[in-house]
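Okay, input-v3.txt now, which holds compact mmCIF, C-alpha atoms:
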# COMPACT_ATOMS: atom_id res chain seq x y z
CA MET A 15 1.37 15.11 -5.07
CA LEU A 16 0.36 11.62 -6.21
CA THR A 17 -0.65 10.86 -9.77
CA THR A 18 -2.03 7.86 -11.64
CA ASP A 19 -2.92 7.46 -15.29
CA ARG A 20 -6.24 9.26 -14.77
CA LEU A 21 -6.02 10.96 -11.38
CA ARG A 22 -4.12 13.54 -9.38
CA LEU A 23 -4.24 13.51 -5.56
CA ARG A 24 -3.39 16.64 -3.59
CA PRO A 25 -3.66 17.42 0.13
CA LEU A 26 -7.05 18.72 1.23
CA THR A 27 -7.10 22.17 2.87
CA PRO A 28 -9.78 24.33 4.52
CA HIS A 29 -10.23 25.98 1.10
CA ASP A 30 -12.01 22.76 0.04
CA ALA A 31 -14.86 23.27 2.56
CA ASP A 32 -17.60 24.14 0.03
CA TRP A 33 -16.72 21.12 -2.10
CA TRP A 34 -16.57 18.88 1.01
CA VAL A 35 -20.06 19.95 2.11
CA HIS A 36 -21.42 19.38 -1.41
CA LEU A 37 -19.83 15.89 -1.67
CA HIS A 38 -21.29 14.76 1.65
CA ALA A 39 -24.71 16.33 1.01
CA ASP A 40 -25.61 13.50 -1.40
CA GLU A 41 -27.75 11.03 0.58
CA GLU A 42 -26.01 7.96 -0.84
CA VAL A 43 -22.54 9.39 -0.20
CA GLY A 44 -23.39 10.65 3.29
CA ARG A 45 -25.07 7.38 4.23
CA TYR A 46 -21.78 5.88 5.41
CA VAL A 47 -19.53 8.90 5.94
CA GLY A 48 -21.98 11.44 7.31
CA HIS A 49 -23.05 14.93 6.34
CA TYR A 50 -21.31 18.21 7.19
CA THR A 51 -22.24 21.80 7.78
CA HIS A 52 -19.78 24.38 6.47
CA ALA A 53 -18.44 24.92 10.00
CA GLN A 54 -18.00 21.16 10.54
CA ALA A 55 -16.26 20.81 7.18
CA THR A 56 -13.89 23.66 7.95
CA THR A 57 -12.99 22.07 11.30
CA ARG A 58 -12.49 18.62 9.73
CA LEU A 59 -10.33 20.05 6.94
CA HIS A 60 -8.27 22.00 9.47
CA ASP A 61 -7.69 18.72 11.35
CA ILE A 62 -6.66 17.04 8.08
CA GLN A 63 -4.23 19.85 7.34
CA GLN A 64 -2.80 19.54 10.87
CA GLN A 65 -2.31 15.78 10.32
CA TRP A 66 -0.34 16.56 7.17
CA THR A 67 1.90 18.83 9.23
CA GLU A 68 2.32 16.44 12.17
CA ARG A 69 2.40 13.02 10.48
CA GLY A 70 3.35 13.76 6.88
CA HIS A 71 0.16 12.27 5.49
CA GLY A 72 -3.56 12.88 5.40
CA LEU A 73 -6.58 12.88 3.13
CA CYS A 74 -6.32 14.10 -0.45
CA ALA A 75 -8.68 15.63 -2.95
CA VAL A 76 -8.87 13.38 -6.02
CA GLU A 77 -8.98 15.25 -9.31
CA LEU A 78 -9.34 14.07 -12.88
CA ARG A 79 -6.07 14.77 -14.66
CA THR A 80 -7.84 15.60 -17.91
CA THR A 81 -10.15 18.31 -16.51
CA GLY A 82 -8.98 19.13 -12.97
CA GLU A 83 -12.47 18.34 -11.65
CA THR A 84 -12.44 17.22 -8.01
CA ILE A 85 -14.35 13.94 -7.92
CA GLY A 86 -13.62 12.51 -4.49
CA ARG A 87 -11.23 12.08 -1.63
CA CYS A 88 -8.76 9.38 -0.72
CA GLY A 89 -5.84 9.19 1.63
CA LEU A 90 -4.55 8.20 5.04
CA ASN A 91 -5.97 9.05 8.44
CA TRP A 92 -4.30 8.38 11.79
CA TRP A 93 -6.72 7.15 14.47
CA GLU A 94 -5.18 7.85 17.86
CA GLN A 95 -7.68 5.64 19.75
CA PHE A 96 -6.81 2.62 17.60
CA GLN A 97 -3.12 3.48 17.04
CA GLU A 98 -3.75 2.72 13.35
CA THR A 99 -3.34 4.40 10.00
CA GLU A 100 -6.48 3.96 7.93
CA ILE A 101 -6.99 4.43 4.22
CA GLY A 102 -10.29 5.94 3.22
CA TRP A 103 -12.03 6.82 -0.02
CA THR A 104 -15.23 8.68 -0.85
CA PHE A 105 -16.32 9.69 -4.34
CA ALA A 106 -19.16 11.73 -5.79
CA ARG A 107 -21.91 9.42 -7.03
CA PRO A 108 -21.53 10.31 -10.75
CA HIS A 109 -18.01 8.91 -10.51
CA TRP A 110 -18.91 5.55 -8.96
CA GLY A 111 -18.28 2.43 -11.03
CA HIS A 112 -15.32 3.81 -13.01
CA GLY A 113 -12.55 2.27 -10.90
CA TYR A 114 -11.43 5.63 -9.49
CA ALA A 115 -11.55 4.52 -5.84
CA THR A 116 -9.41 1.46 -6.53
CA GLU A 117 -6.98 3.47 -8.67
CA ALA A 118 -6.59 6.24 -6.09
CA ALA A 119 -6.32 3.80 -3.19
CA ARG A 120 -3.59 1.80 -4.96
CA ALA A 121 -1.54 4.98 -5.32
CA VAL A 122 -2.08 5.81 -1.63
CA LEU A 123 -1.12 2.27 -0.57
CA ASP A 124 2.06 2.42 -2.65
CA TRP A 125 2.90 5.72 -0.99
CA GLY A 126 2.05 4.43 2.51
CA PHE A 127 4.02 1.20 2.22
CA GLY A 128 6.81 2.81 0.19
CA PRO A 129 8.08 6.28 1.15
CA LEU A 130 6.08 6.45 4.41
CA GLY A 131 7.30 3.01 5.53
CA LEU A 132 4.03 1.88 7.12
CA ASP A 133 3.77 -1.81 8.06
CA ARG A 134 -0.03 -2.07 8.17
CA ILE A 135 -2.89 0.01 6.79
CA THR A 136 -6.48 -0.55 7.84
CA ALA A 137 -9.79 0.25 6.18
CA MET A 138 -12.77 0.84 8.46
CA ILE A 139 -15.93 0.09 6.52
CA HIS A 140 -19.42 0.54 7.95
CA HIS A 141 -21.70 -2.46 7.66
CA GLY A 142 -23.70 -2.51 4.44
CA ASN A 143 -21.21 -0.44 2.43
CA THR A 144 -20.84 -3.04 -0.30
CA GLY A 145 -19.06 -0.68 -2.69
CA SER A 146 -16.22 0.03 -0.28
CA THR A 147 -16.06 -3.62 0.76
CA ALA A 148 -15.55 -4.55 -2.90
CA VAL A 149 -12.79 -1.94 -3.29
CA ALA A 150 -11.05 -3.28 -0.16
CA ALA A 151 -11.23 -6.84 -1.51
CA ARG A 152 -9.79 -5.77 -4.89
CA LEU A 153 -6.89 -4.17 -3.03
CA GLY A 154 -6.17 -7.32 -1.01
CA PHE A 155 -7.55 -6.26 2.38
CA THR A 156 -8.86 -8.98 4.70
CA PRO A 157 -11.12 -8.65 7.77
CA LEU A 158 -9.22 -7.95 10.98
CA ARG A 159 -11.96 -7.26 13.57
CA GLU A 160 -15.39 -5.84 14.24
CA ASP A 161 -15.40 -2.43 15.91
CA THR A 162 -17.36 0.79 16.35
CA VAL A 163 -16.32 3.93 14.48
CA LEU A 164 -18.19 7.21 14.81
CA ASP A 165 -20.81 5.43 16.93
CA ARG A 166 -21.59 2.91 14.18
CA PRO A 167 -20.55 -0.72 13.77
CA CYS A 168 -17.95 -1.46 11.14
CA THR A 169 -15.60 -4.14 9.95
CA VAL A 170 -11.94 -3.18 10.14
CA TYR A 171 -9.96 -4.64 7.26
CA ALA A 172 -6.17 -4.76 7.17
CA LEU A 173 -3.40 -4.99 4.62
CA ASP A 174 0.20 -5.59 5.64
CA ARG A 175 3.24 -4.47 3.69

Take the structure in the file and write it out as structure tokens.
Amino acid sequence: MLTTDRLRLRPLTPHDADWWVHLHADEEVGRYVGHYTHAQATTRLHDIQQQWTERGHGLCAVELRTTGETIGRCGLNWWEQFQETEIGWTFARPHWGHGYATEAARAVLDWGFGPLGLDRITAMIHHGNTGSTAVAARLGFTPLREDTVLDRPCTVYALDR
């Protein structure tokens, strides 16, 4: 669906459940985004697929164009309770530090502000997640407010079109 020089982003589906569980099983990855059982992953991926159907966007699997390996996830998530569209990114630890999160997120932002016509995109980052905070800063996000997401404090960053 979306491509960059190095990456291909495609909608996540329930068929990605095994990969999703494996990604989140890593302690460093799951530290900020949680861990999933197979049943929880299947439910979450069903919800993502439903968001694609209802809103025309959702989270994507991020694959390396050269090998097809799935290395992370990035995309848009609608939060009903905040009435906000959030961008999120999570990558397998061996793929940290290569600029993949920034590259994928730039493509998602271009899509969100372009064809989707969004006016604002937020990024909800749990306290202490310095890697994601750095990605948000590189993308031009600025702090909007402090909030609680998934029962944990976070800083909500925002970027306007």

### Message
My list of candidates is A:Glu42, A:Asp165, A:Asp61, A:Glu77. Which is closest to Thr18 (chain A) when distances are computed with all atoms listed in the file?
### Response
A:Glu77

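Counting all atoms listed in the file, the residue from A:Met15, A:Val170, A:Ile139, A:Leu21 that sits nearest to Thr80 (chain A) is A:Leu21.
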
### Task
Take CA of Arg24 (chain A) and CA of Ala75 (chain A) and report the distance between them in Å, one decimal.
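Atom-to-atom, CA of Arg24 (chain A) and CA of Ala75 (chain A) are spaced 5.4 Å apart.
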
### Task
One decimal, Å: what's the distance from CA of Ser146 (chain A) over to CA of Leu59 (chain A), could you say?
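Computed distance, CA of Ser146 (chain A) to CA of Leu59 (chain A), equals 22.1 Å.
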
### Task
Could you tell me which of A:His49, A:Arg166, A:Arg87, A:Arg79 comes closest to Thr27 (chain A) if we count all atoms listed in the file?
A:Arg87

### Task
Would you list the residues near (-18.3, -1.9, 3.3) (no more than 10 Å away, in the coordinates of the file, using only C-alpha atoms) as a list in words?
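Output: Tyr46, Ala137, Met138, Ile139, His140, His141, Gly142, Asn143, Thr144, Gly145, Ser146, Thr147, Ala148, Val149, Ala150, Ala151, Cys168, Thr169, Val170 and Tyr171 of chain A.
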
### Query
When you draw a straight line from CA of Cys74 (chain A) to CA of Pro167 (chain A), how long is it in Å?
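A separation of 25.0 Å between them.
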
### Distance query Arg58 (chain A) at most 12 Å, all atoms listed in the file, self and fewer than 5 positions along chain excluded, as number ranges by chain
A: 26-31, 34-35, 49-53, 63-65, 72-73, 91

### Query
Of the candidates A:Ala106, A:Leu173, A:Leu78, A:Leu90, which shows the shortest atom-to-atom distance to Asp40 (chain A), using all atoms listed in the file?
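Closest candidate: A:Ala106.
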
### Query
From the list A:Asp32, A:Glu160, A:Glu41, A:Asp174, which residue is nearest Asp124 (chain A) when using only C-alpha atoms?
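Under the stated criterion, the closest residue is A:Asp174.
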
### Query
Restricting the calculation to only C-alpha atoms, which member of A:Ala121, A:Leu132, A:Thr57, A:Arg107 is positioned closest to Trp92 (chain A)?
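Under the stated criterion, the closest residue is A:Leu132.
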
Using all atoms of region 54-69 of chain A that appear in the file, construct an axis-aligned enclosing box with 4 Å of padding on every side and provide its centre coordinates and edge lengths in Å, rounded to one decimal, as lines of an AutoDock Vina configuration file.
center_x = -7.8
center_y = 18.3
center_z = 9.6
size_x = 28.4
size_y = 18.6
size_z = 13.2

Final N, CA, C and O atoms of region 31-43 of chain A as a PDB file, in the coordinates of the input:
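Done, and the output landed in result19.pdb:
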ATOM      1  N   ALA A  31     -13.669  23.454   1.717  1.00  0.00           N
ATOM      2  CA  ALA A  31     -14.860  23.270   2.560  1.00  0.00           C
ATOM      3  C   ALA A  31     -16.165  23.236   1.750  1.00  0.00           C
ATOM      4  O   ALA A  31     -17.013  22.368   1.991  1.00  0.00           O
ATOM      5  N   ASP A  32     -16.354  24.139   0.803  1.00  0.00           N
ATOM      6  CA  ASP A  32     -17.600  24.140   0.030  1.00  0.00           C
ATOM      7  C   ASP A  32     -17.756  22.827  -0.737  1.00  0.00           C
ATOM      8  O   ASP A  32     -18.844  22.237  -0.760  1.00  0.00           O
ATOM      9  N   TRP A  33     -16.677  22.386  -1.361  1.00  0.00           N
ATOM     10  CA  TRP A  33     -16.720  21.120  -2.100  1.00  0.00           C
ATOM     11  C   TRP A  33     -17.023  19.960  -1.154  1.00  0.00           C
ATOM     12  O   TRP A  33     -17.817  19.082  -1.465  1.00  0.00           O
ATOM     13  N   TRP A  34     -16.384  19.946   0.022  1.00  0.00           N
ATOM     14  CA  TRP A  34     -16.570  18.880   1.010  1.00  0.00           C
ATOM     15  C   TRP A  34     -18.042  18.786   1.430  1.00  0.00           C
ATOM     16  O   TRP A  34     -18.610  17.689   1.477  1.00  0.00           O
ATOM     17  N   VAL A  35     -18.644  19.928   1.724  1.00  0.00           N
ATOM     18  CA  VAL A  35     -20.060  19.950   2.110  1.00  0.00           C
ATOM     19  C   VAL A  35     -20.911  19.401   0.979  1.00  0.00           C
ATOM     20  O   VAL A  35     -21.808  18.577   1.202  1.00  0.00           O
ATOM     21  N   HIS A  36     -20.649  19.833  -0.250  1.00  0.00           N
ATOM     22  CA  HIS A  36     -21.420  19.380  -1.410  1.00  0.00           C
ATOM     23  C   HIS A  36     -21.274  17.865  -1.605  1.00  0.00           C
ATOM     24  O   HIS A  36     -22.271  17.167  -1.838  1.00  0.00           O
ATOM     25  N   LEU A  37     -20.061  17.335  -1.517  1.00  0.00           N
ATOM     26  CA  LEU A  37     -19.830  15.890  -1.670  1.00  0.00           C
ATOM     27  C   LEU A  37     -20.664  15.108  -0.668  1.00  0.00           C
ATOM     28  O   LEU A  37     -21.341  14.140  -1.028  1.00  0.00           O
ATOM     29  N   HIS A  38     -20.619  15.511   0.589  1.00  0.00           N
ATOM     30  CA  HIS A  38     -21.290  14.760   1.650  1.00  0.00           C
ATOM     31  C   HIS A  38     -22.794  15.037   1.734  1.00  0.00           C
ATOM     32  O   HIS A  38     -23.502  14.346   2.466  1.00  0.00           O
ATOM     33  N   ALA A  39     -23.282  16.027   0.994  1.00  0.00           N
ATOM     34  CA  ALA A  39     -24.710  16.330   1.010  1.00  0.00           C
ATOM     35  C   ALA A  39     -25.528  15.269   0.272  1.00  0.00           C
ATOM     36  O   ALA A  39     -26.715  15.084   0.564  1.00  0.00           O
ATOM     37  N   ASP A  40     -24.919  14.576  -0.672  1.00  0.00           N
ATOM     38  CA  ASP A  40     -25.610  13.500  -1.400  1.00  0.00           C
ATOM     39  C   ASP A  40     -26.002  12.408  -0.400  1.00  0.00           C
ATOM     40  O   ASP A  40     -25.161  11.924   0.351  1.00  0.00           O
ATOM     41  N   GLU A  41     -27.262  12.024  -0.394  1.00  0.00           N
ATOM     42  CA  GLU A  41     -27.750  11.030   0.580  1.00  0.00           C
ATOM     43  C   GLU A  41     -27.002   9.709   0.497  1.00  0.00           C
ATOM     44  O   GLU A  41     -26.697   9.100   1.519  1.00  0.00           O
ATOM     45  N   GLU A  42     -26.721   9.233  -0.693  1.00  0.00           N
ATOM     46  CA  GLU A  42     -26.010   7.960  -0.840  1.00  0.00           C
ATOM     47  C   GLU A  42     -24.554   8.065  -0.389  1.00  0.00           C
ATOM     48  O   GLU A  42     -24.009   7.126   0.168  1.00  0.00           O
ATOM     49  N   VAL A  43     -23.921   9.183  -0.640  1.00  0.00           N
ATOM     50  CA  VAL A  43     -22.540   9.390  -0.200  1.00  0.00           C
ATOM     51  C   VAL A  43     -22.510   9.526   1.326  1.00  0.00           C
ATOM     52  O   VAL A  43     -21.730   8.865   2.012  1.00  0.00           O
TER      53      VAL A  43
END
